[in-house]
file work.txt (compact mmCIF, C-alpha atoms)
# COMPACT_ATOMS: atom_id res chain seq x y z
CA MET A 1 109.08 121.21 124.54
CA PRO A 2 107.05 123.51 126.79
CA VAL A 3 104.75 125.98 125.07
CA ALA A 4 106.41 129.38 124.74
CA ASP A 5 104.80 132.48 126.25
CA LYS A 6 104.28 133.97 122.80
CA ASP A 7 102.31 130.92 121.70
CA PRO A 8 98.76 131.87 120.61
CA THR A 9 97.29 129.03 122.64
CA SER A 10 97.45 130.80 126.00
CA TRP A 11 93.74 129.98 126.22
CA LEU A 12 94.69 126.29 126.70
CA ASN A 13 94.60 126.79 130.47
CA GLY A 14 93.09 125.55 133.73
CA PRO A 15 89.63 127.06 133.20
CA LEU A 16 89.27 125.43 129.76
CA PHE A 17 90.28 121.98 131.03
CA GLN A 18 88.06 122.46 134.08
CA LYS A 19 85.08 123.15 131.83
CA ALA A 20 85.94 120.20 129.55
CA LEU A 21 86.45 117.68 132.36
CA ALA A 22 83.44 118.87 134.39
CA GLN A 23 81.29 118.27 131.32
CA HIS A 24 82.94 114.91 130.55
CA THR A 25 82.72 113.55 134.12
CA THR A 26 79.35 115.24 134.88
CA ASP A 27 80.95 116.59 138.08
CA ARG A 28 80.18 120.30 138.26
CA ALA A 29 82.31 120.66 141.37
CA LEU A 30 85.44 119.30 139.64
CA GLU A 31 88.52 121.47 140.21
CA VAL A 32 91.63 121.51 138.02
CA GLU A 33 94.75 121.97 140.11
CA ASP A 34 97.58 121.77 137.58
CA VAL A 35 98.05 121.66 133.79
CA HIS A 36 101.26 120.70 132.04
CA LEU A 37 101.16 121.42 128.31
CA ALA A 38 103.67 120.45 125.64
CA VAL A 39 103.85 120.58 121.86
CA HIS A 40 104.51 117.14 120.46
CA GLY A 41 106.33 117.40 117.14
CA LYS A 42 106.05 113.72 116.29
CA LEU A 43 102.35 113.69 117.04
CA ALA A 44 101.84 116.89 115.09
CA GLN A 45 103.29 115.17 112.04
CA GLN A 46 101.04 112.17 112.67
CA TYR A 47 97.86 114.13 113.12
CA ALA A 48 98.59 116.62 110.30
CA SER A 49 97.54 119.41 112.69
CA THR A 50 98.85 121.38 115.64
CA ILE A 51 98.89 118.90 118.52
CA TYR A 52 99.44 119.48 122.22
CA GLN A 53 99.77 116.89 124.93
CA ALA A 54 98.26 117.89 128.24
CA SER A 55 98.64 116.29 131.63
CA VAL A 56 95.88 117.59 133.86
CA SER A 57 95.67 117.05 137.63
CA TYR A 58 92.24 117.58 139.14
CA ARG A 59 90.09 116.81 142.15
CA SER A 60 86.72 115.16 141.56
CA ARG A 61 84.27 113.59 144.00
CA GLY A 62 86.85 113.63 146.77
CA LYS A 63 89.60 111.98 144.72
CA GLN A 64 92.83 113.32 143.28
CA GLU A 65 93.08 112.32 139.57
CA THR A 66 95.47 112.87 136.67
CA ILE A 67 94.44 112.48 133.05
CA LYS A 68 96.54 112.66 129.88
CA LEU A 69 94.89 114.38 126.93
CA ILE A 70 95.54 115.29 123.32
CA VAL A 71 94.45 118.74 122.17
CA LYS A 72 94.06 118.96 118.41
CA LEU A 73 93.82 122.39 116.79
CA ILE A 74 92.32 122.50 113.32
CA ALA A 75 93.79 125.51 111.60
CA SER A 76 93.97 125.84 107.82
CA LYS A 77 97.28 127.72 108.02
CA VAL A 78 98.80 124.59 109.57
CA ASN A 79 97.56 122.04 107.05
CA THR A 80 97.17 123.65 103.65
CA LEU A 81 95.88 120.40 102.14
CA ALA A 82 92.93 120.44 104.55
CA ASP A 83 89.74 122.27 103.67
CA GLU A 84 87.05 123.95 105.73
CA LEU A 85 85.08 120.71 106.17
CA THR A 86 87.78 118.79 108.00
CA TYR A 87 86.89 119.95 111.52
CA ASP A 88 83.16 119.31 111.11
CA THR A 89 83.84 115.90 109.57
CA GLU A 90 86.18 114.78 112.32
CA LEU A 91 83.92 116.08 115.08
CA LYS A 92 80.92 114.23 113.62
CA VAL A 93 82.87 110.96 113.43
CA TYR A 94 84.02 111.19 117.06
CA ARG A 95 80.76 112.54 118.48
CA ASP A 96 78.07 110.86 116.38
CA TYR A 97 79.50 107.75 114.78
CA LEU A 98 82.19 106.25 117.00
CA THR A 99 80.12 106.39 120.17
CA LYS A 100 77.29 104.44 118.48
CA MET A 101 79.65 102.03 116.69
CA ASN A 102 81.62 101.31 119.86
CA ALA A 103 78.38 100.73 121.78
CA LEU A 104 77.32 98.03 119.31
CA LEU A 105 80.48 96.05 120.08
CA GLU A 106 80.70 96.88 123.80
CA HIS A 107 80.29 93.20 124.72
CA GLY A 108 83.26 91.19 123.53
CA ALA A 109 85.27 94.00 121.93
CA THR A 110 88.80 94.33 123.25
CA SER A 111 89.03 98.05 122.59
CA HIS A 112 87.34 100.93 120.89
CA PHE A 113 87.86 102.09 117.32
CA GLY A 114 89.52 105.33 118.32
CA PRO A 115 90.28 107.64 121.27
CA LYS A 116 87.35 109.07 123.22
CA LEU A 117 86.25 112.61 122.52
CA ILE A 118 86.41 114.53 125.81
CA TYR A 119 85.39 118.01 124.58
CA SER A 120 85.12 120.15 121.46
CA ALA A 121 84.56 123.84 120.70
CA ASN A 122 84.86 126.30 117.83
CA GLU A 123 86.27 129.22 119.82
CA PRO A 124 88.82 130.75 119.86
CA VAL A 125 89.79 128.29 117.11
CA PRO A 126 88.20 124.91 116.33
CA HIS A 127 89.70 122.30 118.64
CA LEU A 128 89.12 118.77 119.90
CA ILE A 129 90.23 117.36 123.24
CA LEU A 130 90.76 113.59 123.04
CA GLU A 131 92.02 110.96 125.45
CA ASP A 132 95.76 110.29 125.09
CA LEU A 133 96.10 106.55 124.52
CA SER A 134 99.88 106.48 125.02
CA GLY A 135 99.17 105.67 128.68
CA HIS A 136 97.51 102.45 127.50
CA GLU A 137 100.68 101.35 125.68
CA PHE A 138 99.39 102.41 122.26
CA VAL A 139 102.27 103.69 120.18
CA HIS A 140 102.96 105.01 116.72
CA SER A 141 104.59 102.70 114.16
CA ASP A 142 106.30 103.80 110.98
CA LYS A 143 106.56 100.61 108.98
CA LEU A 144 104.43 98.54 106.64
CA LEU A 145 103.28 95.25 108.13
CA ALA A 146 103.78 91.58 107.34
CA VAL A 147 100.72 89.40 106.92
CA ASP A 148 99.97 88.38 110.54
CA ASP A 149 100.19 91.94 111.85
CA ALA A 150 98.28 93.31 108.85
CA LYS A 151 95.45 90.85 109.59
CA ARG A 152 94.95 92.44 113.03
CA VAL A 153 94.40 95.81 111.39
CA LEU A 154 92.13 94.29 108.74
CA LEU A 155 89.86 92.64 111.32
CA LYS A 156 89.44 95.96 113.12
CA LEU A 157 88.68 97.68 109.80
CA ALA A 158 86.03 95.06 108.96
CA GLN A 159 84.40 95.66 112.37
CA PHE A 160 84.56 99.44 111.82
CA HIS A 161 82.87 99.13 108.41
CA ALA A 162 80.30 96.56 109.54
CA THR A 163 79.10 98.51 112.58
CA SER A 164 78.68 101.65 110.46
CA TYR A 165 76.82 99.62 107.82
CA SER A 166 74.43 98.21 110.42
CA LEU A 167 73.76 101.71 111.77
CA SER A 168 72.90 103.02 108.32
CA THR A 169 69.82 100.80 108.13
CA THR A 170 68.45 101.50 111.61
CA SER A 171 66.55 104.38 113.16
CA ALA A 172 69.91 105.70 114.37
CA ALA A 173 70.71 106.58 110.77
CA HIS A 174 68.31 109.54 110.90
CA SER A 175 70.54 111.26 113.44
CA LEU A 176 73.70 110.68 111.39
CA ASP A 177 74.89 113.05 108.72
CA ALA A 178 76.17 111.29 105.62
CA LEU A 179 79.79 112.41 105.55
CA ASN A 180 81.27 113.27 102.18
CA ASN A 181 84.62 114.86 102.94
CA GLY A 182 86.66 112.26 101.03
CA LEU A 183 89.93 112.68 99.20
CA PHE A 184 88.31 113.64 95.88
CA LYS A 185 85.78 116.39 95.29
CA GLN A 186 84.17 117.54 92.06
CA LYS A 187 85.31 121.02 93.08
CA PRO A 188 89.08 120.49 93.16
CA SER A 189 90.81 121.26 96.44
CA GLU A 190 94.49 122.02 96.88
CA GLY A 191 94.99 118.35 97.71
CA VAL A 192 93.31 117.15 94.50
CA ASN A 193 95.35 119.59 92.41
CA PHE A 194 98.50 118.34 94.13
CA MET A 195 97.61 114.74 93.20
CA LEU A 196 96.89 115.72 89.60
CA GLU A 197 100.25 117.50 89.39
CA ASN A 198 102.03 114.39 90.69
CA PHE A 199 100.11 112.22 88.21
CA THR A 200 101.30 114.55 85.43
CA LEU A 201 104.92 114.58 86.67
CA PHE A 202 104.95 110.78 86.82
CA ALA A 203 103.63 110.43 83.26
CA GLU A 204 106.43 112.75 82.09
CA GLU A 205 109.09 110.72 83.92
CA LEU A 206 107.58 107.42 82.79
CA SER A 207 107.83 108.42 79.13
CA LYS A 208 111.64 108.49 79.59
CA TRP A 209 111.78 104.90 80.90
CA ASP A 210 112.75 102.31 78.33
CA GLY A 211 109.70 100.34 77.17
CA TYR A 212 107.08 102.31 79.15
CA THR A 213 105.92 104.82 76.53
CA LYS A 214 102.52 103.13 76.06
CA TYR A 215 101.79 103.42 79.79
CA ALA A 216 102.87 107.07 79.86
CA GLN A 217 100.52 107.81 76.95
CA ARG A 218 97.59 106.14 78.68
CA LEU A 219 98.21 108.13 81.86
CA LYS A 220 98.33 111.36 79.84
CA ASN A 221 94.98 110.40 78.28
CA LEU A 222 93.48 110.06 81.80
CA GLN A 223 94.54 113.54 82.94
CA PRO A 224 91.52 115.50 81.56
CA THR A 225 89.08 113.21 83.45
CA PHE A 226 91.28 112.71 86.55
CA ILE A 227 89.08 114.71 88.94
CA GLU A 228 85.77 113.35 87.61
CA ARG A 229 86.95 109.73 87.86
CA GLY A 230 88.13 110.17 91.44
CA ALA A 231 85.03 112.10 92.54
CA ALA A 232 82.75 109.37 91.10
CA ILE A 233 84.31 106.79 93.44
CA TYR A 234 83.70 109.02 96.45
CA ARG A 235 80.10 109.70 95.37
CA ALA A 236 79.60 105.91 95.53
CA ARG A 237 77.39 105.72 92.46
CA GLY A 238 77.41 102.36 90.74
CA PHE A 239 78.91 100.52 93.70
CA GLY A 240 77.47 97.59 95.63
CA TYR A 241 77.10 99.27 99.03
CA SER A 242 78.44 102.01 101.28
CA VAL A 243 80.05 102.15 104.72
CA LEU A 244 81.76 104.81 106.80
CA ASN A 245 85.33 104.90 105.47
CA HIS A 246 88.18 106.26 107.55
CA GLY A 247 89.29 107.88 104.30
CA ASP A 248 93.02 108.14 105.00
CA PHE A 249 93.72 104.61 106.20
CA HIS A 250 97.49 104.83 106.62
CA TYR A 251 99.76 103.54 109.41
CA ASN A 252 100.43 107.17 110.30
CA ASN A 253 96.78 107.52 111.29
CA MET A 254 96.63 104.72 113.82
CA LEU A 255 98.20 103.65 117.09
CA PHE A 256 99.33 100.08 117.77
CA GLN A 257 99.58 97.94 120.86
CA PHE A 258 102.41 95.39 120.61
CA ASP A 259 103.00 92.24 122.65
CA PRO A 260 106.48 91.44 124.12
CA GLU A 261 107.46 89.78 120.80
CA GLN A 262 106.54 93.00 118.98
CA ARG A 263 103.49 91.49 117.30
CA VAL A 264 100.44 93.71 116.82
CA GLN A 265 97.88 92.97 119.53
CA ASP A 266 95.46 95.79 118.90
CA VAL A 267 95.07 98.97 116.88
CA VAL A 268 93.02 102.17 117.14
CA PHE A 269 92.33 104.72 114.42
CA TYR A 270 92.38 108.52 114.53
CA ASP A 271 92.54 111.52 112.17
CA PHE A 272 89.07 111.21 110.68
CA GLN A 273 89.32 114.44 108.69
CA LEU A 274 88.75 112.70 105.33
CA SER A 275 86.08 110.28 106.53
CA CYS A 276 83.32 109.65 104.04
CA TRP A 277 80.37 107.43 103.30
CA THR A 278 81.20 105.37 100.21
CA THR A 279 82.33 101.94 98.99
CA PRO A 280 84.59 100.05 101.44
CA ALA A 281 86.97 99.63 98.50
CA VAL A 282 88.45 103.03 99.48
CA ASP A 283 89.77 101.90 102.87
CA LEU A 284 90.61 98.42 101.54
CA LEU A 285 92.86 99.87 98.83
CA TYR A 286 94.61 102.09 101.38
CA PHE A 287 95.00 99.01 103.57
CA LEU A 288 96.69 97.04 100.78
CA TYR A 289 99.16 99.83 99.98
CA PHE A 290 99.71 101.68 103.26
CA ILE A 291 99.34 98.95 105.89
CA CYS A 292 100.55 95.80 104.11
CA ASN A 293 104.16 95.45 103.05
CA ARG A 294 104.82 94.64 99.41
CA GLU A 295 105.15 90.88 99.86
CA THR A 296 101.87 90.70 101.81
CA ARG A 297 100.02 92.74 99.19
CA GLU A 298 101.39 90.77 96.26
CA THR A 299 100.94 87.26 97.70
CA GLN A 300 97.99 87.54 100.12
CA ARG A 301 95.68 90.12 98.54
CA HIS A 302 92.75 87.84 97.62
CA ARG A 303 92.96 85.91 100.87
CA LEU A 304 92.94 89.14 102.88
CA VAL A 305 89.85 90.41 101.03
CA GLN A 306 88.11 87.13 101.85
CA LEU A 307 89.16 87.42 105.52
CA TYR A 308 87.78 90.98 105.57
CA HIS A 309 84.45 89.73 104.24
CA GLN A 310 84.30 86.92 106.82
CA GLU A 311 84.87 89.37 109.68
CA PHE A 312 82.44 91.91 108.17
CA THR A 313 79.75 89.20 108.04
CA ARG A 314 80.57 87.88 111.51
CA THR A 315 80.35 91.38 112.99
CA LEU A 316 76.96 92.03 111.38
CA ASP A 317 75.78 88.78 112.93
CA THR A 318 77.18 89.78 116.33
CA VAL A 319 75.31 93.10 116.36
CA GLY A 320 72.07 91.42 115.30
CA TYR A 321 71.85 92.90 111.82
CA MET A 322 68.80 91.51 109.99
CA GLY A 323 69.16 93.02 106.51
CA LYS A 324 70.86 91.92 103.31
CA VAL A 325 74.54 91.15 103.85
CA PRO A 326 76.96 92.15 101.05
CA THR A 327 78.68 89.18 99.42
CA LEU A 328 82.36 88.57 98.78
CA LEU A 329 81.56 89.10 95.10
CA ASP A 330 80.10 92.54 95.94
CA ILE A 331 83.38 93.54 97.59
CA ASN A 332 85.54 92.23 94.75
CA CYS A 333 83.35 93.99 92.17
CA ASP A 334 83.69 97.24 94.12
CA LEU A 335 87.49 96.86 94.22
CA GLN A 336 87.45 96.43 90.45
CA ARG A 337 85.16 99.43 89.93
CA ALA A 338 87.39 101.56 92.19
CA GLY A 339 90.49 100.60 90.22
CA PHE A 340 91.23 104.21 89.28
CA LEU A 341 91.79 104.99 92.98
CA GLU A 342 94.32 102.14 93.13
CA VAL A 343 96.22 103.78 90.26
CA VAL A 344 96.11 107.15 92.06
CA LEU A 345 97.41 105.70 95.36
CA ALA A 346 100.24 103.87 93.60
CA ILE A 347 101.33 106.93 91.63
CA CYS A 348 100.48 109.91 93.84
CA PHE A 349 101.21 108.55 97.33
CA ILE A 350 103.55 105.54 97.38
CA PRO A 351 106.61 107.65 96.37
CA PHE A 352 106.21 109.65 99.59
CA LEU A 353 106.99 106.53 101.61
CA PHE A 354 110.54 107.13 100.43
CA ALA A 355 110.64 110.90 100.98
CA ASP A 356 113.16 112.35 103.41
CA TYR A 357 111.16 114.90 105.40
CA ASN A 358 114.31 116.17 107.07
CA GLN A 359 115.43 117.68 103.77
CA SER A 360 115.14 121.43 103.58
CA VAL A 361 113.04 121.19 100.41
CA ASN A 362 109.28 121.26 101.01
CA VAL A 363 108.14 118.19 99.08
CA TYR A 364 104.55 119.47 99.09
CA GLY A 365 105.44 122.92 97.76
CA ASN A 366 104.68 124.44 94.37
CA GLU A 367 108.25 125.57 93.79
CA GLU A 368 110.30 124.07 91.00
CA GLU A 369 112.71 122.67 93.59
CA ALA A 370 109.88 120.69 95.19
CA ARG A 371 108.75 119.35 91.81
CA ALA A 372 112.30 118.32 90.98
CA TYR A 373 112.49 116.41 94.28
CA ARG A 374 109.23 114.59 93.49
CA ARG A 375 110.55 113.67 90.02
CA GLN A 376 113.58 112.25 91.79
CA LEU A 377 111.31 110.13 94.02
CA TYR A 378 109.67 108.63 90.93
CA ASN A 379 113.04 107.59 89.60
CA ARG A 380 114.21 105.92 92.79
CA GLU A 381 115.00 102.24 92.45
CA GLU A 382 112.73 101.28 95.37
CA TYR A 383 109.74 102.99 93.77
CA GLN A 384 110.41 101.59 90.31
CA ALA A 385 110.54 98.08 91.79
CA ILE A 386 106.98 98.61 93.05
CA ILE A 387 105.38 100.47 90.15
CA LYS A 388 106.82 98.52 87.20
CA PRO A 389 104.94 95.26 87.97
CA LEU A 390 101.79 97.25 88.83
CA LEU A 391 101.47 99.03 85.48
CA PRO A 392 100.67 95.86 83.46
CA HIS A 393 98.28 94.81 86.26
CA PHE A 394 96.47 98.15 85.93
CA LEU A 395 96.39 97.86 82.15
CA TYR A 396 94.99 94.33 82.07
CA ARG A 397 92.34 95.11 84.72
CA GLY A 398 91.05 98.00 82.62
CA PHE A 399 92.06 100.72 85.10
CA LEU A 400 93.86 102.77 82.42
CA GLU A 401 90.98 102.90 79.96
call {"tool": "encode", "arguments": {"input": "work.txt", "output": "structure tokens"}}
result
Amino acid sequence: MPVADKDPTSWLNGPLFQKALAQHTTDRALEVEDVHLAVHGKLAQQYASTIYQASVSYRSRGKQETIKLIVKLIASKVNTLADELTYDTELKVYRDYLTKMNALLEHGATSHFGPKLIYSANEPVPHLILEDLSGHEFVHSDKLLAVDDAKRVLLKLAQFHATSYSLSTTSAAHSLDALNNGLFKQKPSEGVNFMLENFTLFAEELSKWDGYTKYAQRLKNLQPTFIERGAAIYRARGFGYSVLNHGDFHYNNMLFQFDPEQRVQDVVFYDFQLSCWTTPAVDLLYFLYFICNRETRETQRHRLVQLYHQEFTRTLDTVGYMGKVPTLLDINCDLQRAGFLEVVLAICFIPFLFADYNQSVNVYGNEEEARAYRRQLYNREEYQAIIKPLLPHFLYRGFLE
């Protein structure tokens, strides 16, 4: 839909795009001739922000060009679960990390890790202008993947982690800020409080299920240390090694390129608002639950972790890394140590895969109606089929201690 006149983004106009593109193309004489701007509802949901698509026609170096762009506005009133660090974090990932990581793999890489950053500014509100990859046949997908497609995503993740790891031990590391805007903070954000509330609601519902009282009791015992346990994982103390984690590694935060048989050919990542420097177990656990379908996770988990390690090692070799390479045992130990996060993802996030966002009730709200809807999600047959086999697994692995 076209942007209405009353829209506050009247500043998204020719002069802004002219400034952005002149800087990006290093052509000071560049002239923007036409801008078509539209709000993209689907993309806005994907990016958890206010998103505009822009088609900009311009003349540069004697040629007529058209470029498609994404304009992402970071405004706290739009995404109440975001905090003030999200813009700075995302900007640093695009500007400082991705450019260096992509450069390492320039030879032999089929595509980049994410869209290119064209321009960024803080005024009048913080915003990023990114390339729109839809013109390159990258599309959104809203389903969990079977093993062959999931492997494509996993290989890209291993490359993403490995290139960041190799940077951290070079002189380039001095120009990189260690990002720490992960899901959990010691100082609880709205998002952390929301997770804790869901954890509490689930324990209450679980106590009503026949034969699950002991699990409900253990979850209740974890509640007082919920924030501390989560924050410890994101502080990366006691783990084997650290990499740049995407931090919200969910199919909603990536774009896929499919072949004619609808198999995943390539994938790019975006929405780096929760990116953080910690154990790769964070992104790997998200991968297992929010990229892989249930059958893939349950039957291929150990094989996929081994494949990740193989690609991680191969990538380090490709970029000429000379330091100590983490072992497969290091990764498996980190996954065990981060077990509490696995419990949190299974309880606080999986139910939302079954939420109907077209319902009038705001599932993220604090109202009693919203809580009642979330209780209902926990009692759905589809969710119970997933969580019931996981609870003994969590218990026997020591995650509920």
call {"tool": "axis_aligned_box", "arguments": {"input": "work.txt", "around": "segment 229-237 of chain A", "padding_each_side": "3 Å", "output": "lines of an AutoDock Vina configuration file"}}
result
center_x = 82.8
center_y = 108.9
center_z = 92.2
size_x = 16.7
size_y = 12.4
size_z = 14.6
call {"tool": "closest_residue", "arguments": {"input": "work.txt", "among": "A:Tyr251, A:Phe312, A:Tyr383, A:Phe340", "to": "Phe354 of chain A", "atoms": "all atoms listed in the file"}}
result
A:Tyr383
call {"tool": "residues_around", "arguments": {"input": "work.txt", "residues": "Ser60 of chain A", "least_positions_apart": "4", "cutoff": "10 Å", "atoms": "only C-alpha atoms", "output": "MDAnalysis selection string"}}
result
chainID A and resid 21:22 25:32 64:65
call {"tool": "closest_residue", "arguments": {"input": "work.txt", "among": "A:Leu328, A:Ala232, A:Val192, A:Leu244", "to": "Cys348 of chain A", "atoms": "all atoms listed in the file"}}
result
A:Val192
call {"tool": "atom_distance", "arguments": {"input": "work.txt", "atom1": "atom CA of Leu219 of chain A", "atom2": "atom CA of Asn252 of chain A"}}
result
28.5 Å
call {"tool": "closest_residue", "arguments": {"input": "work.txt", "among": "A:Thr213, A:Ser10, A:Leu329, A:Leu196", "to": "Thr225 of chain A", "atoms": "only C-alpha atoms"}}
result
A:Leu196
call {"tool": "closest_residue", "arguments": {"input": "work.txt", "among": "A:Ile51, A:Leu154, A:Leu85, A:Leu117", "to": "Ser189 of chain A", "atoms": "all atoms listed in the file"}}
result
A:Leu85
call {"tool": "residues_around", "arguments": {"input": "work.txt", "residues": "Val344 of chain A", "least_positions_apart": "2", "cutoff": "9 Å", "atoms": "all atoms listed in the file", "output": "ChimeraX atom specification"}}
result
/A:195-196,199,230,339-342,346-349
call {"tool": "atom_distance", "arguments": {"input": "work.txt", "atom1": "atom CA of His140 of chain A", "atom2": "atom CA of Phe269 of chain A"}}
result
10.9 Å
call {"tool": "atom_distance", "arguments": {"input": "work.txt", "atom1": "atom CA of Thr99 of chain A", "atom2": "atom CA of His36 of chain A"}}
result
28.2 Å
call {"tool": "closest_residue", "arguments": {"input": "work.txt", "among": "A:Leu155, A:Val343, A:Val282, A:Ile70", "to": "Gly135 of chain A", "atoms": "all atoms listed in the file"}}
result
A:Ile70
call {"tool": "residues_around", "arguments": {"input": "work.txt", "residues": "segment 178-182 of chain A", "least_positions_apart": "3", "cutoff": "6 Å", "atoms": "only C-alpha atoms", "output": "list of chain:residue names"}}
result
A:Leu274, A:Ser275, A:Cys276, A:Trp277
call {"tool": "residues_around", "arguments": {"input": "work.txt", "residues": "segment 385-387 of chain A", "least_positions_apart": "6", "cutoff": "12 Å", "atoms": "all atoms listed in the file", "output": "VMD selection string"}}
result
chain A and resid 202 206 212 215 289 293 to 295 297 to 298 342 to 351 353 to 354 377 to 379 393 to 394
call {"tool": "closest_atom_pairs", "arguments": {"input": "work.txt", "of": "segment 230-335 of chain A", "to": "segment 142-148 of chain A", "cutoff": "6 Å", "atoms": "only C-alpha atoms", "output": "CSV"}}
result
residue,atom,partner,partner_atom,distance
A:Ile291,CA,A:Leu144,CA,5.2
A:Cys292,CA,A:Leu145,CA,4.9
A:Asn293,CA,A:Leu144,CA,4.7
A:Thr296,CA,A:Val147,CA,5.4
call {"tool": "write_last_selection", "arguments": {"input": "work.txt", "atoms": "C-alpha atoms", "output": "mmCIF file, keeping the file's coordinate frame"}}
result
data_model
loop_
_atom_site.group_PDB
_atom_site.id
_atom_site.type_symbol
_atom_site.label_atom_id
_atom_site.label_comp_id
_atom_site.auth_asym_id
_atom_site.auth_seq_id
_atom_site.Cartn_x
_atom_site.Cartn_y
_atom_site.Cartn_z
ATOM 1 C CA ILE A 291 99.340 98.950 105.890
ATOM 2 C CA CYS A 292 100.550 95.800 104.110
ATOM 3 C CA ASN A 293 104.160 95.450 103.050
ATOM 4 C CA THR A 296 101.870 90.700 101.810
#
call {"tool": "closest_residue", "arguments": {"input": "work.txt", "among": "A:Ser141, A:Ala338, A:Lys208, A:Gln223", "to": "His250 of chain A", "atoms": "only C-alpha atoms"}}
result
A:Ser141
call {"tool": "residues_around", "arguments": {"input": "work.txt", "residues": "Leu91 of chain A", "least_positions_apart": "6", "cutoff": "12 Å", "atoms": "only C-alpha atoms", "output": "JSON, numbers by chain"}}
result
{"A": [72, 73, 74, 85, 97, 98, 99, 116, 117, 118, 119, 120, 121, 122, 126, 127, 128, 129, 130, 177, 179, 270, 271, 272, 273, 274, 275]}
call {"tool": "residues_near_point", "arguments": {"input": "work.txt", "point": "(76.3, 99.0, 97.2)", "cutoff": "12 Å", "atoms": "all atoms listed in the file", "output": "PyMOL selection string"}}
result
chain A and resi 165+233+235-243+277-281+324-327+329-335+337
